[in-house]
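*Asks:* Just passing along the structure, written as structure tokens.
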Amino acid sequence: MRLTDASVAIRPRSAWEALDLGVLLARRHAGLLMASWALVTLPIFAVLCLLLWESPGWAVLLFWWLKPAYERLPLYILSHALFGDTPSLKQALRALPGLLNPQLLASLTWRRFSLTRSFDLPTLQLENLSGQARSQRLVVLGQRDAGAATWLTLVGMHLEMALWLGLISLFYLLLPQQIELNWSWQSLIDAAAGDWLWLEHLSNLLYALLLVVWEPVYVACGFTLYLNRRTALEAWDIELVFRQLRQRLTGVAYALLLGCGLLLLQAPSPAWAESASSGPLPMEDPFGPQSERLLKQPLSSQAARQSIEQLLDQPPFEHRETVTRWRFGEEQQTEELDQGTIKNLLKLIEAFFKLGEFWKTLDGVALFFEALLWAAVLGVVGLLLWRYRDWLSTFVGRLGPVQRRTSAPPSQLFGLEVAPDSLPEDVASEVERLWAEQPRAALGLLYRALLSRLLHDYRLPLKSAHTEAEVLQLVQGLEQTELIDFSQALTLHWQNLAYGHRVPPADSLHSLCAGWRRQFDGGAPA
Amino acid sequence: MPSSITTPPAVPHPVLDTRYQVETPEGIDLLLRPAGLVPRALAFAIDLTIRGLLLLVLFIVLGLLGQFGMGLATVLLFLVTWWYMVLFEVFNQGRTPGKQLLGLRVIHDDGTPVGWAASLTRNLLRFVDILPFGYTLGILSCLNHPAFKRLGDLAAGTLVVYRDLPIARPVLPQAESLRAPFALSFSEQRAFQGFAERADSLSSARRAELAAILAEPLQVPAEQAEQQINGIARGLLGST
């Protein structure tokens, strides 16, 4: 064993940290540890299952009982791996029979229920102690970290349970639904009846599998706990540094000696100087920095020290504050409970119960608080909705119907009045009347009337920002062929007249008026 | 699989240690000591017990108050279940009562105190760690992470570490203070100090054995080496 080869940082740790180091150690060699554990335990488990097929409970109990025997292999691997000599899987398995030999009976009988099993195992296996020597050694080792070892075993037991239940529930969750239907909990409980032997063996197998994960960690934790205890007892960390220091210094000395020899051949005096400097340094000031000095100077060391202390006593260096607080007065009376106080106590309890009875009559209060809580919940929901209304509207706007969001229809489009009451009763006759003198006003009136109808009868969401072409597109969305044709013709003529000053021919006016009557005055829109 | 194990690693592994190093922007290395599965499981068990007892007492006392009491108890059940850990962690320097007893605390990955967001995340995600039953995922994740994090810790970026407890002033054995005859690095100074401080826990034979290692470089006979080392430790400590 050479401490300089250790693959873990050697220093005294707290017991818990030693356990953590064990987890890390097991993690580093996880592949080897788990593979070797599985190769040893799973065949044994299979044999036990076959032998005791009728009583799965006994099979798993025996398997569990043999745990100390399997635990020797991970410890062998870890103890070699600690100093960089990691065995191969084959080497480890070959070493197993030799490991099992010493004190197997004791491990499997009266020491089986020892709570510090993993902590004690290295004493047996690595130090080869037995009998009196072993128990003395355990007393010394157990002076400090035995508590942590006990907790490790207790936590480990619960952990095995938790993992086992976890694996079983995972297995249950992964069952296809068709099978699950047939497996009511009732039939699972009836498993003891014997129909479900294979299921019990399956759950035992899950236990054997989870041990593959947990047991190497358990052994490693016990091992590092043991290492930590020995580090503390034997100061391994100090030994390590001392040895390195010695190597450094004596190495330097050898180099110096060599240098001396080389230099002696040519010039002896510098060589002597060299060796003198490697000796102990002379004490420069026998009284240390505390002694009084500079006594004949204007500023003596004593005066300087005083002024330094004064400075250090002032605010930037020294911060003093007075804290005043209320405190309970000292309890002076320490009388024992006499009859009177007991009676008082009973009375108090009685009063308390009476208070309870009183409260029971006040279920109205409960109702009130219930209402209050619900109001608070609703208030908070409302507040949240209001707070994030903009964010929500980006989603809700697409879901809801379009009309909901249209504001009041505009009364003017392209500077044209489109409110229904600004139009005459009979639009078509009015247009025909106006046509002779003011064709522009006539066509304008007709277009205006169309927009008004689109707005109010068809509820088209027109805005003052729309152009004529956009209005036409919206109309096409209504999917009414006649209306679309009419609107297209009217818009074309209106644009020609309004922007191009080209008066449409008279017969097109008649067709427009006829179209209008057909479309709107005939009561076409719903 | 065995073949991959048997081949010796070409690059030797770094030395295993349980410390976790964080460098601050000022260039200072903070050494944190992440806590592993066993103390954390115990802390959780303590917290679970406390919560159980608390709820039991609450239900008995509030049961006397009829419907109102039961309503109040339900509200408190919610608070205790979901906020016990969070409130303690945020307001009590990352320590729930169980963690406090075990000497643990929760911090962010960078060593800063745990905040609302991280604490809520790590405690709400307990429900992932519990899956499929009894913290199976949490246990496996904790065993397999170099800093012993469960899934909630991974998501929240938190770390459970051992608290640094105040150190009692060590008592050095009586010796005349000396100056070291050679320059000592920091770790070597620590070793000298450690030798003197831990003298009580070492057997005298072991002390002599350790001191004898340095007898030759100290240029003293092996019997005086121990006294010499104690003297140097005192000298390193300075005037007290």
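Chains: A, B, ... in order of the structure tokens. Residues: from 1 per chain. Ligands: from 1, in order shown.
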Quick one: residues within 7 Å of stretch 30-39 of chain A, only C-alpha atoms, excluding same-chain residues fewer than 3 positions away - as a PyMOL selection string?

*Replies:* (chain A and resi 26-27+42-43+74+89+212-213+216) or (chain B and resi 5)

*Asks:* With only C-alpha atoms as the counted atoms, please give the residues lying no more than 9 Å from B:Ala155, apart from itself and same-chain residues fewer than 3 positions off, as a count of residues only.

*Replies:* 8

*Asks:* List the spatial neighbours of B:Tyr162 as a PDB file with C-alpha atoms, in the first residue's frame - criterion: any atom at most 7 Å away, only C-alpha atoms, same-chain residues fewer than 6 positions off excluded.

*Replies:*
ATOM      1  CA  ARG B  33     -18.943  20.107  -0.063  1.00  0.00           C
ATOM      2  CA  PRO B  34     -22.029  18.610  -1.753  1.00  0.00           C
ATOM      3  CA  ALA B  35     -24.010  16.273   0.468  1.00  0.00           C
ATOM      4  CA  GLY B 103     -25.812  20.315   8.971  1.00  0.00           C
ATOM      5  CA  LEU B 104     -26.970  20.764   5.377  1.00  0.00           C
ATOM      6  CA  ARG B 105     -28.180  23.747   3.387  1.00  0.00           C
TER       7      ARG B 105
END

*Asks:* Please, what distance in Å, to one decimal, runs between atom CA of A:Thr250 and atom CA of B:Pro217?

*Replies:*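 Separation between atom CA of A:Thr250 and atom CA of B:Pro217: 6.5 Å.
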
*Asks:* Taking only C-alpha atoms into account, name the residue in B:Glu188, B:Glu223, B:Glu176, B:Asp109 that is nearest to A:Arg246.

*Replies:* B:Glu188

*Asks:* For chain B, work out the contacting residues on chain A at 6 Å, counting only C-alpha atoms, and write them as a list in words.

*Replies:*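 Only these qualify: Ser7, Val8, Ala9, Asp20, Leu21, Ser88, Ala162, Leu163, Gly166, Leu170, Leu233, Ile238, Pro280, Gly356, Trp359, Lys360 and Ala366 of chain A.
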
*Asks:* Write the selection just made, keeping C-alpha atoms, as a compact mmCIF listing (two decimals), in the first residue's frame?

*Replies:*
# COMPACT_ATOMS: atom_id res chain seq x y z
CA SER A 7 -6.85 7.43 -6.31
CA VAL A 8 -8.91 9.39 -3.78
CA ALA A 9 -8.02 12.60 -2.01
CA ASP A 20 -20.35 10.47 -0.14
CA LEU A 21 -16.83 9.57 -1.18
CA SER A 88 -10.11 -7.18 -14.45
CA ALA A 162 -38.20 2.15 -2.01
CA LEU A 163 -36.37 1.01 -5.10
CA GLY A 166 -40.51 1.69 -7.46
CA LEU A 170 -42.84 0.77 -12.95
CA LEU A 233 -6.52 7.48 13.53
CA ILE A 238 0.00 14.06 7.30
CA PRO A 280 19.04 26.52 9.59
CA GLY A 356 -64.72 24.14 20.71
CA TRP A 359 -67.23 27.18 17.63
CA LYS A 360 -69.17 24.21 16.35
CA ALA A 366 -67.14 28.70 8.26

*Asks:* Determine, counting only C-alpha atoms, which protein, DNA and RNA residues have an atom within 7 Å of an atom of stretch 459-467 of chain A; residues of the same chain fewer than 3 positions away are not included. Present the result as number ranges by chain.

*Replies:* A: 406, 410, 412-414, 454-456, 470-471

*Asks:* Could you pull out the strand (DSSP E or B) residues of stretch 21-160 of chain B, going by DSSP on the backbone, and write them as a PyMOL selection string?

*Replies:* chain B and resi 21-23+29-32+34+104-108+113+158-160

*Asks:* Using DSSP secondary structure from the backbone, list all helix (DSSP H, G or I) positions within stretch 7-238 of chain B, as JSON, numbers by chain.

*Replies:* {"B": [37, 38, 39, 40, 41, 42, 43, 44, 45, 46, 47, 48, 49, 50, 51, 52, 53, 54, 55, 56, 57, 58, 59, 60, 61, 62, 63, 66, 67, 68, 69, 70, 71, 72, 73, 74, 75, 76, 77, 78, 79, 80, 81, 82, 83, 84, 85, 86, 87, 88, 89, 90, 91, 97, 98, 99, 100, 101, 102, 116, 117, 118, 119, 120, 121, 122, 123, 124, 126, 127, 128, 129, 130, 136, 137, 138, 139, 140, 141, 142, 143, 144, 151, 152, 153, 154, 155, 156, 186, 187, 188, 189, 190, 191, 192, 193, 194, 195, 196, 197, 198, 199, 200, 201, 204, 205, 206, 207, 208, 209, 210, 211, 212, 213, 215, 216, 217, 218, 222, 223, 224, 225, 226, 227, 228, 229, 230, 231, 232, 233, 234, 235, 236, 237]}
